[in-house]
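J.: Input: one structure, supplied below.
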Amino acid sequence: MELVLSAIIPIVTYFIYCNLFVMAGESPIYAFIPILNTYTLCKIVDALWAFWANIIAIALMIMAIVAGSPVLLSLMGVAIMAINVIVYIRLLIACRNTPVWAIALIVLEVIEFFI
């Protein structure tokens, strides 16, 4: 079950990103490029600070893996989840006519964190 969810969650997320990018006038192919999809989503909700915070947290996660620090790795995982949820809440506020996409992204982010 865990393996199935690990495969389904990114596919659903990319599908939602494609729909959001089309609604925002961006190219839907950006949804499938990992760093670019985060940048584009943060640009859409006017939160480029969140993109840079994600980049820093990912760099710290890599450092935690190299150093073998599970505490720092867990903290950075929580930080990335919190940043993404903030971006999705901003998306929820920005897309008042279709809130289901933002709510689905929030739920998927929390599920992905716990699997």
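Every chain in the structure tokens has a letter given in the order shown (A, B, ...), and although residue numbers restart at 1 in each chain, ligands are simply numbered from 1 in the order shown.
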Name the residues in contact with region 4-7 of chain A at a cut-off of 8 Å, using only C-alpha atoms, excluding same-chain residues fewer than 4 positions from it; report them as an mmCIF file with all heavy atoms, in the first residue's frame.

T.:
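Wrote it out as out-v3.cif, contents follow:
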```cif
data_model
loop_
_atom_site.group_PDB
_atom_site.id
_atom_site.type_symbol
_atom_site.label_atom_id
_atom_site.label_comp_id
_atom_site.auth_asym_id
_atom_site.auth_seq_id
_atom_site.Cartn_x
_atom_site.Cartn_y
_atom_site.Cartn_z
ATOM 1 N N ILE A 11 2.022 11.593 -9.258
ATOM 2 C CA ILE A 11 1.264 11.654 -10.509
ATOM 3 C C ILE A 11 0.067 12.585 -10.360
ATOM 4 O O ILE A 11 -0.193 13.426 -11.227
ATOM 5 C CB ILE A 11 0.823 10.236 -10.939
ATOM 6 C CG1 ILE A 11 2.051 9.408 -11.314
ATOM 7 C CG2 ILE A 11 -0.168 10.291 -12.093
ATOM 8 C CD1 ILE A 11 1.773 7.937 -11.509
ATOM 9 N N GLU A 112 1.810 12.631 1.932
ATOM 10 C CA GLU A 112 3.166 12.306 1.471
ATOM 11 C C GLU A 112 4.187 12.408 2.595
ATOM 12 O O GLU A 112 5.131 11.634 2.643
ATOM 13 C CB GLU A 112 3.553 13.229 0.318
ATOM 14 C CG GLU A 112 4.863 12.897 -0.318
ATOM 15 C CD GLU A 112 5.178 13.774 -1.502
ATOM 16 O OE1 GLU A 112 4.666 14.907 -1.572
ATOM 17 O OE2 GLU A 112 5.944 13.339 -2.360
ATOM 18 N N ILE A 115 3.980 9.115 4.799
ATOM 19 C CA ILE A 115 4.264 7.780 4.264
ATOM 20 C C ILE A 115 5.743 7.576 4.044
ATOM 21 O O ILE A 115 6.549 8.365 4.084
ATOM 22 C CB ILE A 115 3.498 7.475 2.961
ATOM 23 C CG1 ILE A 115 3.863 8.449 1.858
ATOM 24 C CG2 ILE A 115 2.033 7.431 3.215
ATOM 25 C CD1 ILE A 115 3.405 7.983 0.506
#
```

J.: Near Phe51 (chain A), within 7 Å and counting only C-alpha atoms, which residues show up once chain neighbours fewer than 5 positions away are dropped, as a compact mmCIF listing (two decimals) with C-alpha atoms, in the first residue's frame?

T.:
```txt
# COMPACT_ATOMS: atom_id res chain seq x y z
CA THR A 38 8.09 24.80 -7.59
CA TYR A 39 9.39 28.08 -8.99
CA CYS A 42 5.61 30.18 -6.17
```

J.: Using only C-alpha atoms for the distances, tell me which of A:Ile8, A:Met61, A:Met23, A:Cys95 is nearest to Leu75 (chain A).

T.: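 Among A:Ile8, A:Met61, A:Met23, A:Cys95, it is A:Met61 that comes nearest to Leu75 (chain A).
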
J.: Tell me, in Å to one decimal, how far CA of Gly68 (chain A) is from CA of Leu108 (chain A).

T.: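 Between CA of Gly68 (chain A) and CA of Leu108 (chain A) the gap works out to 27.6 Å.
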
J.: Which residues, written as number ranges by chain, have at least one atom at most 12 Å from Phe21 (chain A), with only C-alpha atoms counted and residues fewer than 6 positions away on the same chain left out?

T.: A: 14-15, 27-32, 36-45, 91, 95, 101

J.: State, in Å with one decimal place, the distance from CA of Ala104 (chain A) to CA of Ile16 (chain A).

T.: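 About the pair CA of Ala104 (chain A) and CA of Ile16 (chain A): they are 8.5 Å apart.
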
J.: I'd like the neighbourhood of Leu92 (chain A) as a ChimeraX atom specification, where a residue qualifies if any of its atoms comes within 9 Å (using only C-alpha atoms), though same-chain residues fewer than 5 positions away should be ignored.

T.: /A:87,98-103

J.: One decimal, Å: what's the distance from CA of Leu105 (chain A) over to CA of Ile86 (chain A), could you say?

T.: 11.1 Å

J.: Can you tell me, as a ChimeraX atom specification, which residues in chain A count as alpha helix (DSSP H) by DSSP?

T.: /A:2-24,34-44,48-67,70-94,99-114
